[in-house]
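**Q** PDB, C-alpha atoms, file model_8.pdb:
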ATOM      1  CA  ALA A 393    -129.109 -70.692 109.944
ATOM      2  CA  GLN A 394    -131.420 -70.105 112.853
ATOM      3  CA  SER A 395    -132.603 -66.787 114.233
ATOM      4  CA  VAL A 396    -135.509 -65.222 116.085
ATOM      5  CA  THR A 397    -137.080 -61.796 115.801
ATOM      6  CA  GLN A 398    -139.021 -60.242 118.628
ATOM      7  CA  LEU A 399    -141.460 -57.595 117.503
ATOM      8  CA  GLY A 400    -141.798 -54.754 119.942
ATOM      9  CA  SER A 401    -138.970 -53.941 122.299
ATOM     10  CA  HIS A 402    -141.430 -52.533 124.844
ATOM     11  CA  VAL A 403    -144.947 -53.676 125.647
ATOM     12  CA  SER A 404    -147.247 -52.131 128.247
ATOM     13  CA  VAL A 405    -150.433 -53.748 129.499
ATOM     14  CA  SER A 406    -152.838 -53.045 132.298
ATOM     15  CA  GLU A 407    -153.010 -55.398 135.231
ATOM     16  CA  GLY A 408    -155.530 -58.127 134.379
ATOM     17  CA  ALA A 409    -155.224 -57.598 130.628
ATOM     18  CA  LEU A 410    -153.995 -60.080 128.051
ATOM     19  CA  VAL A 411    -150.248 -60.309 127.552
ATOM     20  CA  LEU A 412    -149.028 -60.992 124.007
ATOM     21  CA  LEU A 413    -145.327 -61.003 123.219
ATOM     22  CA  ARG A 414    -144.377 -61.757 119.641
ATOM     23  CA  CYS A 415    -141.613 -63.977 118.328
ATOM     24  CA  ASN A 416    -140.942 -65.101 114.776
ATOM     25  CA  TYR A 417    -138.290 -67.627 113.971
ATOM     26  CA  SER A 418    -136.179 -68.595 111.021
ATOM     27  CA  SER A 419    -134.915 -72.140 110.837
ATOM     28  CA  SER A 420    -133.939 -74.517 108.083
ATOM     29  CA  VAL A 421    -134.895 -77.491 110.235
ATOM     30  CA  PRO A 422    -137.740 -78.159 112.684
ATOM     31  CA  PRO A 423    -136.839 -75.815 115.500
ATOM     32  CA  TYR A 424    -136.547 -76.087 119.215
ATOM     33  CA  LEU A 425    -137.944 -72.822 120.595
ATOM     34  CA  PHE A 426    -137.783 -71.306 124.057
ATOM     35  CA  TRP A 427    -139.093 -68.377 126.054
ATOM     36  CA  TYR A 428    -137.030 -67.054 128.944
ATOM     37  CA  VAL A 429    -137.775 -64.316 131.469
ATOM     38  CA  GLN A 430    -135.185 -62.071 133.090
ATOM     39  CA  TYR A 431    -135.917 -60.021 136.183
ATOM     40  CA  PRO A 432    -133.680 -57.052 137.000
ATOM     41  CA  ASN A 433    -130.172 -58.033 138.056
ATOM     42  CA  GLN A 434    -130.895 -61.710 137.618
ATOM     43  CA  GLY A 435    -130.112 -64.459 135.149
ATOM     44  CA  LEU A 436    -132.591 -65.979 132.721
ATOM     45  CA  GLN A 437    -135.338 -68.338 133.829
ATOM     46  CA  LEU A 438    -136.966 -70.802 131.448
ATOM     47  CA  LEU A 439    -140.685 -70.141 130.981
ATOM     48  CA  LEU A 440    -141.444 -72.843 128.419
ATOM     49  CA  LYS A 441    -140.027 -74.712 125.461
ATOM     50  CA  TYR A 442    -141.281 -76.226 122.227
ATOM     51  CA  THR A 443    -139.726 -79.498 121.122
ATOM     52  CA  SER A 444    -142.312 -80.627 118.542
ATOM     53  CA  ALA A 445    -144.401 -82.714 120.962
ATOM     54  CA  ALA A 446    -147.380 -80.329 120.984
ATOM     55  CA  THR A 447    -148.025 -77.019 119.268
ATOM     56  CA  LEU A 448    -149.534 -75.401 122.368
ATOM     57  CA  VAL A 449    -146.992 -75.305 125.132
ATOM     58  CA  LYS A 450    -147.847 -74.420 128.702
ATOM     59  CA  GLY A 451    -145.209 -72.951 130.932
ATOM     60  CA  ILE A 452    -144.765 -71.577 134.389
ATOM     61  CA  ASN A 453    -146.613 -68.625 135.923
ATOM     62  CA  GLY A 454    -149.626 -69.054 133.631
ATOM     63  CA  PHE A 455    -147.759 -68.400 130.384
ATOM     64  CA  GLU A 456    -148.254 -70.392 127.226
ATOM     65  CA  ALA A 457    -147.064 -70.232 123.635
ATOM     66  CA  GLU A 458    -148.358 -71.637 120.387
ATOM     67  CA  PHE A 459    -146.091 -72.904 117.637
ATOM     68  CA  LYS A 460    -147.445 -71.954 114.207
ATOM     69  CA  LYS A 461    -145.332 -73.366 111.418
ATOM     70  CA  SER A 462    -147.300 -71.594 108.679
ATOM     71  CA  GLU A 463    -146.582 -68.242 110.305
ATOM     72  CA  THR A 464    -143.120 -69.188 111.640
ATOM     73  CA  SER A 465    -144.264 -67.783 114.960
ATOM     74  CA  PHE A 466    -144.037 -68.722 118.612
ATOM     75  CA  HIS A 467    -145.883 -65.939 120.422
ATOM     76  CA  LEU A 468    -146.071 -65.882 124.214
ATOM     77  CA  THR A 469    -149.386 -65.182 125.918
ATOM     78  CA  LYS A 470    -150.899 -64.905 129.359
ATOM     79  CA  PRO A 471    -154.621 -64.289 129.840
ATOM     80  CA  SER A 472    -154.316 -61.908 132.771
ATOM     81  CA  ALA A 473    -151.240 -59.835 133.542
ATOM     82  CA  HIS A 474    -149.980 -59.540 137.085
ATOM     83  CA  MET A 475    -147.672 -56.863 138.449
ATOM     84  CA  SER A 476    -145.041 -59.530 139.078
ATOM     85  CA  ASP A 477    -144.902 -60.267 135.325
ATOM     86  CA  ALA A 478    -142.996 -57.034 134.693
ATOM     87  CA  ALA A 479    -139.641 -58.191 133.328
ATOM     88  CA  GLU A 480    -137.618 -58.708 130.157
ATOM     89  CA  TYR A 481    -138.680 -61.612 127.969
ATOM     90  CA  PHE A 482    -136.456 -63.390 125.464
ATOM     91  CA  CYS A 483    -137.338 -65.802 122.710
ATOM     92  CA  ALA A 484    -134.628 -68.250 121.619
ATOM     93  CA  VAL A 485    -134.070 -70.928 118.990
ATOM     94  CA  VAL A 486    -131.539 -73.726 119.107
ATOM     95  CA  GLY A 487    -129.345 -74.630 116.184
ATOM     96  CA  ASN A 488    -125.717 -75.441 116.751
ATOM     97  CA  GLN A 489    -126.042 -72.937 119.583
ATOM     98  CA  PHE A 490    -128.717 -70.893 121.296
ATOM     99  CA  TYR A 491    -129.792 -67.788 119.371
ATOM    100  CA  PHE A 492    -131.651 -65.235 121.471
ATOM    101  CA  GLY A 493    -133.856 -62.410 120.326
ATOM    102  CA  THR A 494    -133.250 -58.835 121.402
ATOM    103  CA  GLY A 495    -135.888 -59.045 124.102
ATOM    104  CA  THR A 496    -139.208 -57.416 124.966
ATOM    105  CA  SER A 497    -139.579 -55.371 128.112
ATOM    106  CA  LEU A 498    -143.017 -55.888 129.657
ATOM    107  CA  THR A 499    -144.487 -53.164 131.826
ATOM    108  CA  VAL A 500    -147.665 -53.852 133.809
ATOM    109  CA  ILE A 501    -149.730 -50.796 134.681
ATOM    110  CA  PRO A 502    -151.745 -50.998 137.891
TER     111      PRO A 502
ATOM    112  CA  ASP B1494    -129.880 -77.734 145.709
ATOM    113  CA  ALA B1495    -127.761 -74.740 144.855
ATOM    114  CA  GLY B1496    -128.268 -73.200 141.454
ATOM    115  CA  VAL B1497    -125.597 -71.989 139.097
ATOM    116  CA  THR B1498    -123.218 -69.683 140.915
ATOM    117  CA  GLN B1499    -120.950 -67.063 139.384
ATOM    118  CA  SER B1500    -118.188 -64.939 140.803
ATOM    119  CA  PRO B1501    -117.548 -62.147 141.147
ATOM    120  CA  THR B1502    -120.898 -60.376 141.021
ATOM    121  CA  HIS B1503    -119.448 -57.120 139.779
ATOM    122  CA  LEU B1504    -116.078 -56.218 138.378
ATOM    123  CA  ILE B1505    -114.469 -53.005 137.168
ATOM    124  CA  LYS B1506    -111.406 -53.234 134.934
ATOM    125  CA  THR B1507    -109.329 -50.866 132.837
ATOM    126  CA  ARG B1508    -108.827 -51.149 129.084
ATOM    127  CA  GLY B1509    -106.036 -53.536 128.212
ATOM    128  CA  GLN B1510    -106.336 -55.565 131.398
ATOM    129  CA  HIS B1511    -107.220 -59.221 131.694
ATOM    130  CA  VAL B1512    -110.227 -60.672 133.519
ATOM    131  CA  THR B1513    -111.247 -64.129 134.737
ATOM    132  CA  LEU B1514    -114.856 -64.973 135.470
ATOM    133  CA  ARG B1515    -115.872 -68.135 137.296
ATOM    134  CA  CYS B1516    -118.888 -70.399 137.178
ATOM    135  CA  SER B1517    -119.985 -73.384 139.225
ATOM    136  CA  PRO B1518    -122.701 -75.490 137.604
ATOM    137  CA  ILE B1519    -125.577 -77.242 139.285
ATOM    138  CA  SER B1520    -124.434 -80.483 140.865
ATOM    139  CA  GLY B1521    -124.605 -83.284 138.298
ATOM    140  CA  HIS B1522    -124.500 -80.968 135.298
ATOM    141  CA  LYS B1523    -121.649 -81.649 132.925
ATOM    142  CA  SER B1524    -122.093 -78.820 130.451
ATOM    143  CA  VAL B1525    -121.401 -75.127 130.899
ATOM    144  CA  SER B1526    -122.149 -72.375 128.420
ATOM    145  CA  TRP B1527    -121.080 -68.736 128.504
ATOM    146  CA  TYR B1528    -123.020 -65.778 127.145
ATOM    147  CA  GLN B1529    -122.385 -62.066 126.818
ATOM    148  CA  GLN B1530    -125.358 -59.766 127.319
ATOM    149  CA  VAL B1531    -124.790 -56.157 126.371
ATOM    150  CA  LEU B1532    -127.244 -53.693 127.877
ATOM    151  CA  GLY B1533    -130.486 -53.712 125.937
ATOM    152  CA  GLN B1534    -129.637 -56.818 123.933
ATOM    153  CA  GLY B1535    -130.243 -60.533 124.157
ATOM    154  CA  PRO B1536    -127.516 -62.912 125.311
ATOM    155  CA  GLN B1537    -124.879 -63.772 122.710
ATOM    156  CA  PHE B1538    -123.354 -67.249 122.793
ATOM    157  CA  ILE B1539    -119.615 -67.357 123.515
ATOM    158  CA  PHE B1540    -118.687 -70.960 124.390
ATOM    159  CA  GLN B1541    -120.120 -74.286 125.399
ATOM    160  CA  TYR B1542    -118.072 -76.904 127.230
ATOM    161  CA  TYR B1543    -119.107 -80.490 127.863
ATOM    162  CA  GLU B1544    -117.032 -83.015 129.733
ATOM    163  CA  LYS B1545    -114.138 -80.558 129.735
ATOM    164  CA  GLU B1546    -114.068 -80.202 125.962
ATOM    165  CA  GLU B1547    -115.100 -77.196 123.903
ATOM    166  CA  ARG B1548    -118.209 -78.158 121.983
ATOM    167  CA  GLY B1549    -119.219 -74.819 120.532
ATOM    168  CA  ARG B1550    -117.851 -71.353 119.962
ATOM    169  CA  GLY B1551    -119.677 -68.196 119.014
ATOM    170  CA  ASN B1552    -118.453 -65.295 116.931
ATOM    171  CA  PHE B1553    -116.051 -63.770 119.444
ATOM    172  CA  PRO B1554    -112.382 -62.834 118.996
ATOM    173  CA  ASP B1555    -109.523 -64.956 120.252
ATOM    174  CA  ARG B1556    -109.197 -62.623 123.230
ATOM    175  CA  PHE B1557    -111.984 -64.713 124.703
ATOM    176  CA  SER B1558    -111.083 -68.153 126.014
ATOM    177  CA  ALA B1559    -112.529 -70.605 128.474
ATOM    178  CA  ARG B1560    -111.915 -73.907 130.113
ATOM    179  CA  GLN B1561    -113.772 -76.462 132.165
ATOM    180  CA  PHE B1562    -112.266 -78.247 135.116
ATOM    181  CA  PRO B1563    -112.647 -81.879 136.257
ATOM    182  CA  ASN B1564    -115.320 -80.800 138.751
ATOM    183  CA  TYR B1565    -117.184 -79.208 135.796
ATOM    184  CA  SER B1566    -116.726 -75.658 137.006
ATOM    185  CA  SER B1567    -115.577 -73.239 134.361
ATOM    186  CA  GLU B1568    -113.596 -70.064 133.806
ATOM    187  CA  LEU B1569    -114.034 -67.446 131.112
ATOM    188  CA  ASN B1570    -110.956 -65.376 130.356
ATOM    189  CA  VAL B1571    -110.878 -62.155 128.408
ATOM    190  CA  ASN B1572    -107.569 -60.554 127.461
ATOM    191  CA  ALA B1573    -106.788 -57.018 126.340
ATOM    192  CA  LEU B1574    -110.116 -55.670 127.511
ATOM    193  CA  LEU B1575    -111.947 -53.150 125.353
ATOM    194  CA  LEU B1576    -114.674 -50.737 126.357
ATOM    195  CA  GLY B1577    -117.058 -52.807 124.264
ATOM    196  CA  ASP B1578    -116.493 -55.822 126.498
ATOM    197  CA  SER B1579    -118.571 -54.126 129.188
ATOM    198  CA  ALA B1580    -121.551 -56.420 129.645
ATOM    199  CA  LEU B1581    -123.310 -58.937 131.833
ATOM    200  CA  TYR B1582    -121.627 -62.317 131.438
ATOM    201  CA  LEU B1583    -123.957 -65.204 132.002
ATOM    202  CA  CYS B1584    -123.089 -68.799 132.698
ATOM    203  CA  ALA B1585    -125.586 -71.601 132.117
ATOM    204  CA  SER B1586    -125.333 -75.263 133.004
ATOM    205  CA  SER B1587    -127.113 -78.321 131.689
ATOM    206  CA  GLN B1588    -126.933 -82.058 132.240
ATOM    207  CA  GLY B1589    -125.867 -82.693 128.671
ATOM    208  CA  LEU B1590    -125.236 -80.602 125.620
ATOM    209  CA  ALA B1591    -127.691 -77.717 125.822
ATOM    210  CA  GLY B1592    -130.373 -77.909 123.210
ATOM    211  CA  GLY B1593    -133.854 -79.218 122.746
ATOM    212  CA  TYR B1594    -133.597 -82.075 125.222
ATOM    213  CA  TYR B1595    -131.411 -80.677 127.960
ATOM    214  CA  GLU B1596    -132.507 -77.405 129.500
ATOM    215  CA  GLN B1597    -130.112 -74.661 130.445
ATOM    216  CA  TYR B1598    -130.161 -73.116 133.905
ATOM    217  CA  PHE B1599    -128.654 -69.659 134.155
ATOM    218  CA  GLY B1600    -126.643 -68.057 136.893
ATOM    219  CA  PRO B1601    -127.165 -64.453 138.001
ATOM    220  CA  GLY B1602    -124.254 -63.221 135.917
ATOM    221  CA  THR B1603    -121.129 -61.148 136.415
ATOM    222  CA  ARG B1604    -121.429 -57.471 135.555
ATOM    223  CA  LEU B1605    -118.149 -56.366 133.941
ATOM    224  CA  THR B1606    -117.441 -52.687 133.462
ATOM    225  CA  VAL B1607    -114.384 -51.657 131.442
ATOM    226  CA  THR B1608    -113.228 -48.073 131.864
TER     227      THR B1608
END
Could you render the structure from this file as structure tokens?
**A**
Amino acid sequence: AQSVTQLGSHVSVSEGALVLLRCNYSSSVPPYLFWYVQYPNQGLQLLLKYTSAATLVKGINGFEAEFKKSETSFHLTKPSAHMSDAAEYFCAVVGNQFYFGTGTSLTVIP
Amino acid sequence: DAGVTQSPTHLIKTRGQHVTLRCSPISGHKSVSWYQQVLGQGPQFIFQYYEKEERGRGNFPDRFSARQFPNYSSELNVNALLLGDSALYLCASSQGLAGGYYEQYFGPGTRLTVT
């Protein structure tokens, strides 16, 4: 069975600081992994996805994630936070369906 | 091109009532998936339809049903509403079966409140 765990339901960073959002996965097969962002009162937008082509995946808005099989992790990072990054972030893994994590709310402090 | 559209945007229903939510996929997309997102939680998979056939079902009671029409639009029906059905219902479309190859594109959702 597949699942993802997001560590930290709330993360606060200062504008310009590094963003690190954590995601660990559980999968019995090589996983497909995703990061989505959700702004208030909106649907989910795909940030990036891992499909085994490369372990470092670059996404939109300056985000990237690194797949680490030994750590079963797929953490999301951005070198410099911007005010517009404040949103809810979801990690997901695909098995016979999409399994989403519980989300991490990112606050950016000016 | 228009994205995934959902209607209505908001809905208030009473316990025991029935509700129908609608979704129009992106033009050319043949698959529609439905998700329930309770406040403070991640989306939970309800159904996936592809070419008008159910291709996946999550762990939801039989009160939840869906269908996909020849134009690939979809309806989600919920009978005998419970307070716990209050949530944001998200629709997502993809060109093929959603997974590693085909990306999902989400609509803005329908906010259902059951009183």
**Q** Considering all atoms listed in the file, can you say which of B:Pro1501, B:Val1525, B:Gly1533, B:Ser1558 comes closest to Cys1584 in chain B?
**A** B:Val1525
**Q** Using only C-alpha atoms, find the one residue out of A:Gly495, A:Val449, A:Asn433, A:Lys461 that sits nearest to Ser419 in chain A.
**A**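 The shortest atom-to-atom distance to Ser419 in chain A comes from A:Lys461.
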**Q** For the file shown, what are the residues hit by the ChimeraX specification (/B :<6) & /A, laid out as a list in words?
**A**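 Those residues are Tyr424, Gln434, Gly435, Leu436, Val486, Phe492, Gly493, Thr494 and Gly495 of chain A.
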**Q** Quick one: contact table of range 1556-1592 of chain B to range 1502-1524 of chain B, 7 Å max, nearest atom pair and distance in Å to one decimal per residue, counting all atoms listed in the file, chain and number order, as a Markdown table?
**A**
| residue | atom | partner | partner_atom | distance |
| --- | --- | --- | --- | --- |
| B:Tyr1565 | CA | B:Lys1523 | CA | 5.8 |
| B:Ser1566 | CA | B:Ser1517 | CA | 4.6 |
| B:Ser1567 | CA | B:Cys1516 | CA | 5.2 |
| B:Glu1568 | CA | B:Arg1515 | CA | 4.6 |
| B:Leu1569 | CA | B:Leu1514 | CA | 5.1 |
| B:Asn1570 | CA | B:Thr1513 | CA | 4.6 |
| B:Val1571 | CA | B:Val1512 | CA | 5.4 |
| B:Asn1572 | CA | B:His1511 | CA | 4.5 |
| B:Ala1573 | CA | B:Gly1509 | CA | 4.0 |
| B:Leu1574 | CA | B:Gly1509 | CA | 4.7 |
| B:Leu1575 | CA | B:Arg1508 | CA | 5.3 |
| B:Leu1576 | CA | B:Arg1508 | CA | 6.5 |
| B:Cys1584 | CA | B:Cys1516 | CA | 6.3 |
| B:Ser1586 | CA | B:Pro1518 | CA | 5.3 |
| B:Ser1587 | CA | B:His1522 | CA | 5.2 |
| B:Gln1588 | CA | B:His1522 | CA | 4.1 |
| B:Gly1589 | CA | B:Ser1524 | CA | 5.7 |
| B:Leu1590 | CA | B:Ser1524 | CA | 6.0 |
**Q** Could you tell me, as a ChimeraX atom specification, exactly which residues end up selected when the PyMOL selection byres ((chain A and resi 465-467) around 7) is applied to this structure?
**A** /A:412-417,457-461,463-464,468-469
**Q** Those residues you just picked out, can you put them in a file as a PDB file, keeping the file's coordinate frame with C-alpha atoms?
**A**
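Saved result, out_32.pdb, follows:
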ATOM      1  CA  LEU A 412    -149.028 -60.992 124.007  1.00  0.00           C
ATOM      2  CA  LEU A 413    -145.327 -61.003 123.219  1.00  0.00           C
ATOM      3  CA  ARG A 414    -144.377 -61.757 119.641  1.00  0.00           C
ATOM      4  CA  CYS A 415    -141.613 -63.977 118.328  1.00  0.00           C
ATOM      5  CA  ASN A 416    -140.942 -65.101 114.776  1.00  0.00           C
ATOM      6  CA  TYR A 417    -138.290 -67.627 113.971  1.00  0.00           C
ATOM      7  CA  ALA A 457    -147.064 -70.232 123.635  1.00  0.00           C
ATOM      8  CA  GLU A 458    -148.358 -71.637 120.387  1.00  0.00           C
ATOM      9  CA  PHE A 459    -146.091 -72.904 117.637  1.00  0.00           C
ATOM     10  CA  LYS A 460    -147.445 -71.954 114.207  1.00  0.00           C
ATOM     11  CA  LYS A 461    -145.332 -73.366 111.418  1.00  0.00           C
ATOM     12  CA  GLU A 463    -146.582 -68.242 110.305  1.00  0.00           C
ATOM     13  CA  THR A 464    -143.120 -69.188 111.640  1.00  0.00           C
ATOM     14  CA  LEU A 468    -146.071 -65.882 124.214  1.00  0.00           C
ATOM     15  CA  THR A 469    -149.386 -65.182 125.918  1.00  0.00           C
TER      16      THR A 469
END
**Q** Compile the contact shell of Pro471 in chain A as a ChimeraX atom specification: residues with an atom at most 12 Å away, counting only C-alpha atoms, same-chain residues fewer than 5 positions apart removed.
**A** /A:405-413,453-457,477
**Q** At what distance in Å, to one decimal, does CA of Leu1532 in chain B lie from CA of Thr1608 in chain B?
**A**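 If I compute the distance from CA of Thr1608 in chain B to CA of Leu1532 in chain B, I get 15.6 Å.
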**Q** Identify all residues satisfying the PyMOL selection byres ((chain A and resi 431) around 12) in the given file; provide them as a list in words.
**A** Tyr428, Val429, Gln430, Pro432, Asn433, Gln434, Gly435, Leu436, Gln437, Leu438, Ser476, Asp477, Ala478, Ala479, Glu480, Tyr481, Phe482, Thr496, Ser497, Leu498 and Thr499 of chain A; Pro1601 of chain B
**Q** Produce a file of the selected residues containing C-alpha atoms, as a JSON list (two decimals), in the coordinates of the input.
**A**
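See out.json below for the written result:
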[["chain", "number", "residue", "atom", "x", "y", "z"],
["A", 428, "TYR", "CA", -137.03, -67.05, 128.94],
["A", 429, "VAL", "CA", -137.78, -64.32, 131.47],
["A", 430, "GLN", "CA", -135.18, -62.07, 133.09],
["A", 432, "PRO", "CA", -133.68, -57.05, 137.00],
["A", 433, "ASN", "CA", -130.17, -58.03, 138.06],
["A", 434, "GLN", "CA", -130.90, -61.71, 137.62],
["A", 435, "GLY", "CA", -130.11, -64.46, 135.15],
["A", 436, "LEU", "CA", -132.59, -65.98, 132.72],
["A", 437, "GLN", "CA", -135.34, -68.34, 133.83],
["A", 438, "LEU", "CA", -136.97, -70.80, 131.45],
["A", 476, "SER", "CA", -145.04, -59.53, 139.08],
["A", 477, "ASP", "CA", -144.90, -60.27, 135.32],
["A", 478, "ALA", "CA", -143.00, -57.03, 134.69],
["A", 479, "ALA", "CA", -139.64, -58.19, 133.33],
["A", 480, "GLU", "CA", -137.62, -58.71, 130.16],
["A", 481, "TYR", "CA", -138.68, -61.61, 127.97],
["A", 482, "PHE", "CA", -136.46, -63.39, 125.46],
["A", 496, "THR", "CA", -139.21, -57.42, 124.97],
["A", 497, "SER", "CA", -139.58, -55.37, 128.11],
["A", 498, "LEU", "CA", -143.02, -55.89, 129.66],
["A", 499, "THR", "CA", -144.49, -53.16, 131.83],
["B", 1601, "PRO", "CA", -127.16, -64.45, 138.00]]
**Q** Which residues are close to Val485 in chain A, i.e. within 7 Å by only C-alpha atoms, leaving aside same-chain residues fewer than 2 positions away? Reply as number ranges by chain.
**A** A: 394-396, 423-426, 487, 490-492
**Q** Using only C-alpha atoms, please write the residues we just selected to a file, as a PDB file, keeping the file's coordinate frame.
**A**
ATOM      1  CA  GLN A 394    -131.420 -70.105 112.853  1.00  0.00           C
ATOM      2  CA  SER A 395    -132.603 -66.787 114.233  1.00  0.00           C
ATOM      3  CA  VAL A 396    -135.509 -65.222 116.085  1.00  0.00           C
ATOM      4  CA  PRO A 423    -136.839 -75.815 115.500  1.00  0.00           C
ATOM      5  CA  TYR A 424    -136.547 -76.087 119.215  1.00  0.00           C
ATOM      6  CA  LEU A 425    -137.944 -72.822 120.595  1.00  0.00           C
ATOM      7  CA  PHE A 426    -137.783 -71.306 124.057  1.00  0.00           C
ATOM      8  CA  GLY A 487    -129.345 -74.630 116.184  1.00  0.00           C
ATOM      9  CA  PHE A 490    -128.717 -70.893 121.296  1.00  0.00           C
ATOM     10  CA  TYR A 491    -129.792 -67.788 119.371  1.00  0.00           C
ATOM     11  CA  PHE A 492    -131.651 -65.235 121.471  1.00  0.00           C
TER      12      PHE A 492
END
**Q** Nearest residue to Val1531 in chain B out of B:Ala1495, B:Ala1580, B:Leu1605, B:Ala1559, using all atoms listed in the file?
**A**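 Among the listed residues, B:Ala1580 lies closest to Val1531 in chain B.
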**Q** Please report the interatomic distance between CA of Ile452 in chain A and CA of Leu399 in chain A in Å with one decimal.
**A**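 Atom-to-atom, CA of Ile452 in chain A and CA of Leu399 in chain A are spaced 22.2 Å apart.
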**Q** Using all atoms listed in the file, can you tell me which of A:Met475, A:Ala446, A:Ala484, A:Val421 comes closest to Val500 in chain A?
**A**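 Among the listed residues, the smallest separation from Val500 in chain A belongs to A:Met475.
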**Q** Since the input lacks atoms, please generate N, CA, C and O atoms for range 1535-1546 of chain B and provide them as a PDB file, in the coordinates of the input.
**A**
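In the end it all went to result_31.pdb:
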ATOM      1  N   GLY B1535    -130.129 -59.168 123.693  1.00  0.00           N
ATOM      2  CA  GLY B1535    -130.243 -60.533 124.157  1.00  0.00           C
ATOM      3  C   GLY B1535    -128.870 -61.147 124.365  1.00  0.00           C
ATOM      4  O   GLY B1535    -127.867 -60.644 123.854  1.00  0.00           O
ATOM      5  N   PRO B1536    -128.808 -62.238 125.105  1.00  0.00           N
ATOM      6  CA  PRO B1536    -127.516 -62.912 125.311  1.00  0.00           C
ATOM      7  C   PRO B1536    -126.925 -63.410 123.994  1.00  0.00           C
ATOM      8  O   PRO B1536    -127.654 -63.905 123.131  1.00  0.00           O
ATOM      9  N   GLN B1537    -125.616 -63.277 123.870  1.00  0.00           N
ATOM     10  CA  GLN B1537    -124.879 -63.772 122.710  1.00  0.00           C
ATOM     11  C   GLN B1537    -124.002 -64.935 123.159  1.00  0.00           C
ATOM     12  O   GLN B1537    -123.229 -64.794 124.111  1.00  0.00           O
ATOM     13  N   PHE B1538    -124.102 -66.041 122.458  1.00  0.00           N
ATOM     14  CA  PHE B1538    -123.354 -67.249 122.793  1.00  0.00           C
ATOM     15  C   PHE B1538    -121.861 -67.050 122.596  1.00  0.00           C
ATOM     16  O   PHE B1538    -121.426 -66.576 121.530  1.00  0.00           O
ATOM     17  N   ILE B1539    -121.068 -67.450 123.626  1.00  0.00           N
ATOM     18  CA  ILE B1539    -119.615 -67.357 123.515  1.00  0.00           C
ATOM     19  C   ILE B1539    -119.008 -68.745 123.387  1.00  0.00           C
ATOM     20  O   ILE B1539    -118.282 -69.029 122.423  1.00  0.00           O
ATOM     21  N   PHE B1540    -119.252 -69.607 124.373  1.00  0.00           N
ATOM     22  CA  PHE B1540    -118.687 -70.960 124.390  1.00  0.00           C
ATOM     23  C   PHE B1540    -119.675 -71.936 125.019  1.00  0.00           C
ATOM     24  O   PHE B1540    -120.500 -71.552 125.833  1.00  0.00           O
ATOM     25  N   GLN B1541    -119.531 -73.206 124.647  1.00  0.00           N
ATOM     26  CA  GLN B1541    -120.120 -74.286 125.399  1.00  0.00           C
ATOM     27  C   GLN B1541    -119.048 -75.346 125.628  1.00  0.00           C
ATOM     28  O   GLN B1541    -118.336 -75.729 124.699  1.00  0.00           O
ATOM     29  N   TYR B1542    -118.972 -75.827 126.859  1.00  0.00           N
ATOM     30  CA  TYR B1542    -118.072 -76.904 127.230  1.00  0.00           C
ATOM     31  C   TYR B1542    -118.895 -78.074 127.758  1.00  0.00           C
ATOM     32  O   TYR B1542    -119.897 -77.885 128.466  1.00  0.00           O
ATOM     33  N   TYR B1543    -118.462 -79.260 127.396  1.00  0.00           N
ATOM     34  CA  TYR B1543    -119.107 -80.490 127.863  1.00  0.00           C
ATOM     35  C   TYR B1543    -118.020 -81.510 128.143  1.00  0.00           C
ATOM     36  O   TYR B1543    -117.176 -81.774 127.285  1.00  0.00           O
ATOM     37  N   GLU B1544    -118.061 -82.041 129.342  1.00  0.00           N
ATOM     38  CA  GLU B1544    -117.032 -83.015 129.733  1.00  0.00           C
ATOM     39  C   GLU B1544    -115.629 -82.480 129.450  1.00  0.00           C
ATOM     40  O   GLU B1544    -114.770 -83.205 128.921  1.00  0.00           O
ATOM     41  N   LYS B1545    -115.440 -81.227 129.761  1.00  0.00           N
ATOM     42  CA  LYS B1545    -114.138 -80.558 129.735  1.00  0.00           C
ATOM     43  C   LYS B1545    -113.640 -80.272 128.320  1.00  0.00           C
ATOM     44  O   LYS B1545    -112.498 -79.831 128.153  1.00  0.00           O
ATOM     45  N   GLU B1546    -114.473 -80.497 127.339  1.00  0.00           N
ATOM     46  CA  GLU B1546    -114.068 -80.202 125.962  1.00  0.00           C
ATOM     47  C   GLU B1546    -114.953 -79.102 125.380  1.00  0.00           C
ATOM     48  O   GLU B1546    -116.157 -79.051 125.638  1.00  0.00           O
TER      49      GLU B1546
END
